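A short write-up of the structure that comes next.
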Amino acid sequence: MATKTTSAPGYLESFSPRQQRRMAERKAMPGLTPPGYWHLAWHSRGNPRSVLVERRAVAVNAALALAIAVVGVLYLSLGSVPVSPGEVIAALTGRGDMMTTFMVQELRLPRLAAACFTGAAFALAGVLMQTLARNRLATPGIIGIDNGATAFAVASILGMGFSIAPPAMALAGATTAAAITFGLSAGSGTQGYRFIVAGIGVGAVFGALTQFILARVPIDTANAAYPWTVGTLNARSGSAVWLLGMGLAVGLVLALVLARSLSLLRFKDAVACGLGVKVRACRLQVLALSVVLTGLAVAVAGPVGMVALIGPEIARSLSSARHVPVLAATLAGALVMLLADLAGRTLLAPIEIPVGIVTAVVGGPWLLWILMRPQRSRP
Amino acid sequence: MTDTTAAPTLSTRTLAMSYGPRRVIDALDLDLPQGQVTAIVGPNGCGKSTLLSGLARLHKPDSGAVLLDGADVQGLPAKELARQLALLPQEATAPEGLTVTELIRFGRQPHQGWLRQWSAEDQAVVQYALEAAGLEELAERPLDALSGGQRQRAWIAMTIAQQTPLLLLDEPTSALDLGHQIEVFELVRKLAAEGRTVVMVLHDLASACRYADHLIAMNGGRIVAEGKPATVVTPALVKTLYQVECTLLTDPATGSPLIANVRRAATA
């Protein structure tokens with residue numbers, strides 16, 4: 001076997017210190033764990049069991065969780081009536097005075113939960129769809145699913161002859177938009193630009209439909225629905241948040257179960273198939289999960305689709321390329337949503353900027369940067 | 001690392017397959033010789049890649065069957081098949097930033113599960129695959145930073161880590177220069193010497209003559225010739241396949257046929 005590069009002088013020096021350390025680790029303990037991992041092994045009913053935990057993933061997820069906790073306390077303390085972080089913690093643990101406790105627990109905490117849940121759900125749906133389409137632009141928002149969900153939910157809120165709850169309508173809208181997009185790109189599959197272009201078209205149609213519905217109702221009713229169409233946490237209903245929370249919990253578990261196959265879905269179908277992934281079934285599960293999560297999140301906050309782009313992007317930049325960072329993307333989404341809503345609530349107080357506008361202001365340039373930055377190899 | 005005594009047989013019976021709406025293979029019967037390198041050659045569109053995708057169960061046959069040890073592969077669980085048969089498709093691409101070892105570790109996935117994520121055997125096989133493909137020094141390099149030949153060896157190493165007795169390669173050298181082609185072919189020979197059955201689809205008849213034990217020449221979805229390259233390859237066969245005239249010589253070093261003086265056949 002030709003190993004011409006290996007004999008060149010200064011070859012070892014061309015590696016980073018981390019790479020050199022890993023190579024030394026590998027030489028020192030063959031037959032053990034891949035470098036950079038914790039290996040947990042045990043026996044259960046006579047069967048050897050083992051789990052690999054990537055150290056970097058643990059560090060990234062812990063850091064994101066910590067950031068959510070810190071920003072969360074800040075989120076609860078800032079507002080029309082400022083409360084000190086110490087008082088917030090006292091109120092959360094039931095040691096604060098009644099007024100503060102009421103404000104923190106009854107007024108601000110539900111909104112915090114809504115922000116975390118929607119951000120997490122959008123970002124999880126985003127990373128799933130991006131993996132499915134093998135394109136980091138292919139988030140549910142960009143391929144029209146957000147707009148489909150919004151159009152249906154707005155129709156139900158404004159009482160266009162329907163009396164179904166917004167979450168159910170949003171789910172129906174998300175499913176309809178996804179079905180149309182997939183129908184239009186049939187034959188070329190979920191990869192390639194045809195899928196994204198079809199999705200953009202479907203999104204535009206549903207966006208116009210929402211505007212059309214709003215134009216047909218009395219101006220006061222339309223005004224009431226308007227903030228909701230740009231994406232805000234003001235219009236949330238308690239039951240929709242609960243439903244989203246449960247959906248997110250189940251969805252996250254399912255996504256983590258699918259994670260091993262997801263890593264392989266990033267390759268060509270033939271590679272994934274050759275490694276024993278049931279590609280068709282797996283894609284369908286990933287798609288369904290992404291659509292349901294998006295629908296549930298839109299029912300709470302409207303189309304804040306940019307989070308689905310930003311969250312996974314942050315997660316990927318922090319994580320190793322070995323896995324699809326399912327958990328990190330979810331946490332990053334929650335963090336982005338919290339920060340965006342915090343900014344929206346406080347920057348121009350007492351005027352509140354809808355969170356959808358904040359994420360669009362930040363996400364637009366972000367999207368441009370992704371498109372225009374120096375080209376690296378394909379995602 | 002491969003148990004040669006239990007090497008399964010791969011064959012097809014009256015296999016018919018389509019590519020899109022077009023029927024490209026009809027009633028194909030084939031038995032692949034165990035423990036040898038088989039090259040499938042033929043002109044563009046002759047159905048060789050479609051046949052390979054059928055053998056790997058990427059596409060469902062219209063009729064007939066691909067048999068693994070006599071059993072229809074359509075009935076096998078996906079993971080079970082992936083423990084018997086590894087596939088390297090054309091122009092495989094990897095996610096940005098993935099390192100050589102990380103790629104090779106994916107080859108262990110058919111042997112793993114949620115509560116069986118890593119064993120001493122996994123580690124040993126990955127290490128073996130790195131060594132077999134001559135990639136120890138490049139183990140922690142990202143794939144994007146490798147040369148074409150090194151990258152292709154890394155992909156083959158991933159299929160080695162799959163520890164399958166059967167290995168299917170679709171045009172493994174199509175985008176490589178001569179030196180890198182030889183790297184890959186020598187690795188393929190080494191894998192066959194360890195007892196694996198290797199099947200490659202090749203564009204290049206000359207490489208097929210040089211590196212294959214068994215040659216399958218296809219044209220129009222049918223097998224037109226099959227056997228040892230030295231006995232099968234004739235000027236007439238080359239003309240049938242590619243519409244070119246040529247002179248055949250014998251490589252004094254290896255005894256395999258050499259194709260020389262290739263020119264376009266006079267149109268009849």
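Here, A, B, ... name the chains of the structure tokens in the order displayed, residue numbers run from 1 inside each chain, and ligands are numbered from 1 in the same displayed order.
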List every residue of stretch 170-376 of chain A that DSSP, applied to the backbone, labels as alpha helix (DSSP H), and write the result as a PyMOL selection string. chain A and resi 170-184+193-216+219-230+238-265+269-274+279-301+306-318+326-346+355-372
Per-residue nearest contacts of chain B to chain A (6 Å; only C-alpha atoms) as a Markdown table:
```
| residue | atom | partner | partner_atom | distance |
| --- | --- | --- | --- | --- |
| B:Ala78 | CA | A:Gly276 | CA | 4.6 |
| B:Lys79 | CA | A:Gly276 | CA | 4.2 |
| B:Ala82 | CA | A:Gly276 | CA | 5.0 |
| B:Ala86 | CA | A:Gly274 | CA | 5.9 |
| B:Leu87 | CA | A:Gly274 | CA | 5.4 |
| B:Ala94 | CA | A:Phe267 | CA | 5.9 |
| B:Pro95 | CA | A:Pro379 | CA | 5.9 |
| B:Glu96 | CA | A:Pro379 | CA | 5.8 |
| B:Gly97 | CA | A:Ala321 | CA | 5.6 |
| B:Leu98 | CA | A:Ala321 | CA | 5.2 |
| B:Pro110 | CA | A:Gly276 | CA | 5.7 |
| B:Leu115 | CA | A:Arg49 | CA | 5.2 |
| B:Arg116 | CA | A:Ser50 | CA | 4.8 |
| B:Gln117 | CA | A:Val51 | CA | 5.0 |
| B:Trp118 | CA | A:Ser50 | CA | 5.8 |
| B:Ala120 | CA | A:Gly31 | CA | 5.3 |
| B:Gln123 | CA | A:Gly31 | CA | 5.3 |
| B:Ala124 | CA | A:Gly31 | CA | 5.5 |
| B:Glu140 | CA | A:Gln19 | CA | 6.0 |
```
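Interatomic distance, atom CA of A:Val286 against atom CA of A:Leu128: 6.2 Å.
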Fill in: Filtered DSSP result for stretch 33-244 of chain A, state strand (DSSP E or B), as a PyMOL selection string
chain A and resi 37-44+47-54
Just the residues within 12 Å of B:Thr159, please, counting only C-alpha atoms, with nothing from its chain fewer than 6 positions along; format it as a CSV table (one decimal) with C-alpha atoms, in the first residue's frame.
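Below you can see out18.csv, which holds the result:
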```
chain,number,residue,atom,x,y,z
A,271,VAL,CA,-24.6,4.4,1.8
A,272,ALA,CA,-27.3,4.6,4.5
A,274,GLY,CA,-25.8,-0.3,2.7
A,275,LEU,CA,-25.2,0.2,6.4
B,82,ALA,CA,-25.7,-5.1,6.0
B,83,ARG,CA,-23.7,-7.7,8.1
B,84,GLN,CA,-23.4,-9.9,5.0
B,85,LEU,CA,-22.9,-7.4,2.2
B,86,ALA,CA,-21.2,-4.1,2.1
B,87,LEU,CA,-21.7,-1.5,-0.7
B,88,LEU,CA,-19.6,1.4,-1.8
B,89,PRO,CA,-21.7,3.5,-4.2
B,103,LEU,CA,-16.3,7.5,8.9
B,104,ILE,CA,-14.9,4.0,9.5
B,105,ARG,CA,-16.8,3.7,12.8
B,106,PHE,CA,-20.0,4.1,10.9
B,107,GLY,CA,-19.2,0.7,9.3
B,108,ARG,CA,-19.7,-0.9,12.7
B,109,GLN,CA,-23.3,0.3,12.9
B,110,PRO,CA,-24.9,-2.9,11.5
B,125,VAL,CA,-12.1,-4.0,13.7
B,126,VAL,CA,-11.8,-0.3,13.2
B,128,TYR,CA,-7.8,-3.3,11.6
B,129,ALA,CA,-9.6,-1.4,8.9
B,130,LEU,CA,-7.3,1.6,9.4
B,132,ALA,CA,-5.6,-2.7,6.1
B,133,ALA,CA,-6.3,0.5,4.1
B,152,GLN,CA,-11.6,6.4,-1.5
B,153,ARG,CA,-9.4,4.1,0.7
B,165,PRO,CA,-17.9,-11.5,3.4
B,166,LEU,CA,-19.3,-9.8,0.4
B,167,LEU,CA,-18.2,-6.4,-0.9
B,168,LEU,CA,-19.8,-4.5,-3.8
B,169,LEU,CA,-18.0,-1.5,-5.3
B,188,VAL,CA,-9.2,-4.7,-3.4
B,191,LEU,CA,-9.3,-7.9,0.6
B,196,ARG,CA,-13.9,-11.8,0.6
B,198,VAL,CA,-15.6,-8.6,-4.2
```
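Atom to atom, atom CA of B:Thr99 and atom CA of A:Val326 stand 19.7 Å apart.
Nearest residue to B:Ile160, choosing from B:Cys46, B:Leu28, B:Leu202, B:Ala192 and counting only C-alpha atoms: B:Ala192.
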Env of A:Arg194: 7 Å cut, atoms = only C-alpha atoms, seq-sep filter 3 positions within chain, self excluded. Answer as number ranges by chain.
A: 185, 197-198
Produce a file of the selected residues containing C-alpha atoms, as a PDB file, in the first residue's frame.
```
ATOM      1  CA  SER A 185     -41.200  17.509  -5.834  1.00  0.00           C
ATOM      2  CA  VAL A 197     -38.221  25.693  -4.703  1.00  0.00           C
ATOM      3  CA  ALA A 198     -41.533  23.801  -4.460  1.00  0.00           C
TER       4      ALA A 198
END
```
Find the residues around stretch 37-40 of chain B up to 9 Å (only C-alpha atoms counted), leave out those fewer than 3 positions away in its own chain, and share them as JSON, numbers by chain.
{"B": [32, 33, 34, 48, 49, 52, 188, 189, 192, 196, 197, 198, 199, 200, 201, 202, 203, 205, 208, 209, 211, 212, 213, 214, 215, 216, 217, 218]}
Env of stretch 363-367 of chain A: 8 Å cut, atoms = only C-alpha atoms, seq-sep filter 5 positions within chain, self excluded. Answer as a short mmCIF file (atom, residue, chain, number, x, y, z; two decimals) with N, CA and C atoms, in the first residue's frame.
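Ended up saving to result.cif:
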```
data_model
loop_
_atom_site.label_atom_id
_atom_site.label_comp_id
_atom_site.auth_asym_id
_atom_site.auth_seq_id
_atom_site.Cartn_x
_atom_site.Cartn_y
_atom_site.Cartn_z
N MET A 306 -37.39 31.30 11.70
CA MET A 306 -35.96 31.56 11.66
C MET A 306 -35.21 30.77 12.73
N VAL A 307 -35.90 30.48 13.84
CA VAL A 307 -35.26 29.73 14.91
C VAL A 307 -34.83 28.35 14.41
N LEU A 309 -33.61 27.75 11.67
CA LEU A 309 -32.37 27.90 10.90
C LEU A 309 -31.20 28.18 11.84
N ILE A 310 -31.46 29.06 12.83
CA ILE A 310 -30.37 29.52 13.70
C ILE A 310 -29.98 28.46 14.72
#
```
For stretch 144-150 of chain A, list every protein, DNA or RNA residue within 7 Å, evaluated using only C-alpha atoms, and leave out those in the same chain fewer than 4 positions away; present the list as a PDB file with N, CA and C atoms, in the first residue's frame.
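Result file selection.pdb:
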```pdb
ATOM      1  N   PRO A 140     -38.387  23.769   8.002  1.00  0.00           N
ATOM      2  CA  PRO A 140     -39.835  23.767   7.757  1.00  0.00           C
ATOM      3  C   PRO A 140     -40.348  25.146   7.362  1.00  0.00           C
ATOM      4  N   VAL A 154     -54.977  30.670  11.524  1.00  0.00           N
ATOM      5  CA  VAL A 154     -55.625  31.982  11.431  1.00  0.00           C
ATOM      6  C   VAL A 154     -57.073  31.808  10.993  1.00  0.00           C
ATOM      7  N   ALA A 170     -53.486  23.970  13.064  1.00  0.00           N
ATOM      8  CA  ALA A 170     -52.099  24.202  12.671  1.00  0.00           C
ATOM      9  C   ALA A 170     -51.455  22.901  12.199  1.00  0.00           C
ATOM     10  N   LEU A 171     -51.762  21.822  12.909  1.00  0.00           N
ATOM     11  CA  LEU A 171     -51.234  20.516  12.497  1.00  0.00           C
ATOM     12  C   LEU A 171     -51.743  20.150  11.115  1.00  0.00           C
ATOM     13  N   ALA A 172     -53.057  20.369  10.914  1.00  0.00           N
ATOM     14  CA  ALA A 172     -53.645  20.057   9.612  1.00  0.00           C
ATOM     15  C   ALA A 172     -52.982  20.897   8.523  1.00  0.00           C
ATOM     16  N   GLY A 173     -52.733  22.190   8.822  1.00  0.00           N
ATOM     17  CA  GLY A 173     -52.103  23.071   7.850  1.00  0.00           C
ATOM     18  C   GLY A 173     -50.681  22.647   7.538  1.00  0.00           C
ATOM     19  N   ALA A 174     -49.931  22.286   8.604  1.00  0.00           N
ATOM     20  CA  ALA A 174     -48.539  21.853   8.407  1.00  0.00           C
ATOM     21  C   ALA A 174     -48.496  20.597   7.544  1.00  0.00           C
ATOM     22  N   THR A 176     -50.801  19.558   5.433  1.00  0.00           N
ATOM     23  CA  THR A 176     -51.226  19.866   4.065  1.00  0.00           C
ATOM     24  C   THR A 176     -50.078  20.472   3.262  1.00  0.00           C
ATOM     25  N   ALA A 177     -49.409  21.463   3.874  1.00  0.00           N
ATOM     26  CA  ALA A 177     -48.299  22.120   3.162  1.00  0.00           C
ATOM     27  C   ALA A 177     -47.204  21.112   2.847  1.00  0.00           C
ATOM     28  N   ALA A 178     -46.872  20.251   3.829  1.00  0.00           N
ATOM     29  CA  ALA A 178     -45.817  19.268   3.598  1.00  0.00           C
ATOM     30  C   ALA A 178     -46.216  18.311   2.480  1.00  0.00           C
ATOM     31  N   GLY A 199     -41.211  24.113  -2.083  1.00  0.00           N
ATOM     32  CA  GLY A 199     -41.599  24.541  -0.740  1.00  0.00           C
ATOM     33  C   GLY A 199     -41.763  26.040  -0.633  1.00  0.00           C
ATOM     34  N   ILE A 200     -40.859  26.781  -1.280  1.00  0.00           N
ATOM     35  CA  ILE A 200     -40.955  28.237  -1.239  1.00  0.00           C
ATOM     36  C   ILE A 200     -42.256  28.689  -1.910  1.00  0.00           C
ATOM     37  N   VAL A 202     -45.049  26.890  -2.230  1.00  0.00           N
ATOM     38  CA  VAL A 202     -46.168  26.512  -1.365  1.00  0.00           C
ATOM     39  C   VAL A 202     -46.287  27.500  -0.207  1.00  0.00           C
ATOM     40  N   GLY A 203     -45.141  27.885   0.360  1.00  0.00           N
ATOM     41  CA  GLY A 203     -45.145  28.846   1.463  1.00  0.00           C
ATOM     42  C   GLY A 203     -45.731  30.182   1.033  1.00  0.00           C
ATOM     43  N   PHE A 206     -49.545  29.907   0.772  1.00  0.00           N
ATOM     44  CA  PHE A 206     -50.204  29.906   2.076  1.00  0.00           C
ATOM     45  C   PHE A 206     -50.071  31.258   2.768  1.00  0.00           C
ATOM     46  N   GLY A 207     -48.936  31.944   2.549  1.00  0.00           N
ATOM     47  CA  GLY A 207     -48.776  33.285   3.109  1.00  0.00           C
ATOM     48  C   GLY A 207     -49.825  34.232   2.538  1.00  0.00           C
ATOM     49  N   THR A 229     -49.647  36.532  13.315  1.00  0.00           N
ATOM     50  CA  THR A 229     -49.155  36.062  12.024  1.00  0.00           C
ATOM     51  C   THR A 229     -47.665  36.364  11.829  1.00  0.00           C
ATOM     52  N   THR A 294     -43.484  21.270  14.146  1.00  0.00           N
ATOM     53  CA  THR A 294     -43.697  22.602  13.598  1.00  0.00           C
ATOM     54  C   THR A 294     -45.133  23.052  13.799  1.00  0.00           C
ATOM     55  N   GLY A 295     -46.079  22.164  13.515  1.00  0.00           N
ATOM     56  CA  GLY A 295     -47.494  22.503  13.669  1.00  0.00           C
ATOM     57  C   GLY A 295     -47.820  22.903  15.104  1.00  0.00           C
ATOM     58  N   VAL A 298     -46.211  26.313  15.894  1.00  0.00           N
ATOM     59  CA  VAL A 298     -46.902  27.429  15.238  1.00  0.00           C
ATOM     60  C   VAL A 298     -48.202  27.737  15.968  1.00  0.00           C
ATOM     61  N   GLY A 302     -47.048  31.171  16.362  1.00  0.00           N
ATOM     62  CA  GLY A 302     -47.042  31.636  14.984  1.00  0.00           C
ATOM     63  C   GLY A 302     -45.745  31.252  14.301  1.00  0.00           C
ATOM     64  N   PRO A 303     -45.550  31.741  13.087  1.00  0.00           N
ATOM     65  CA  PRO A 303     -44.384  31.294  12.309  1.00  0.00           C
ATOM     66  C   PRO A 303     -43.099  32.003  12.707  1.00  0.00           C
ATOM     67  N   GLY A 305     -40.116  30.884  12.152  1.00  0.00           N
ATOM     68  CA  GLY A 305     -39.327  29.842  11.508  1.00  0.00           C
ATOM     69  C   GLY A 305     -37.822  30.048  11.530  1.00  0.00           C
TER      70      GLY A 305
END
```
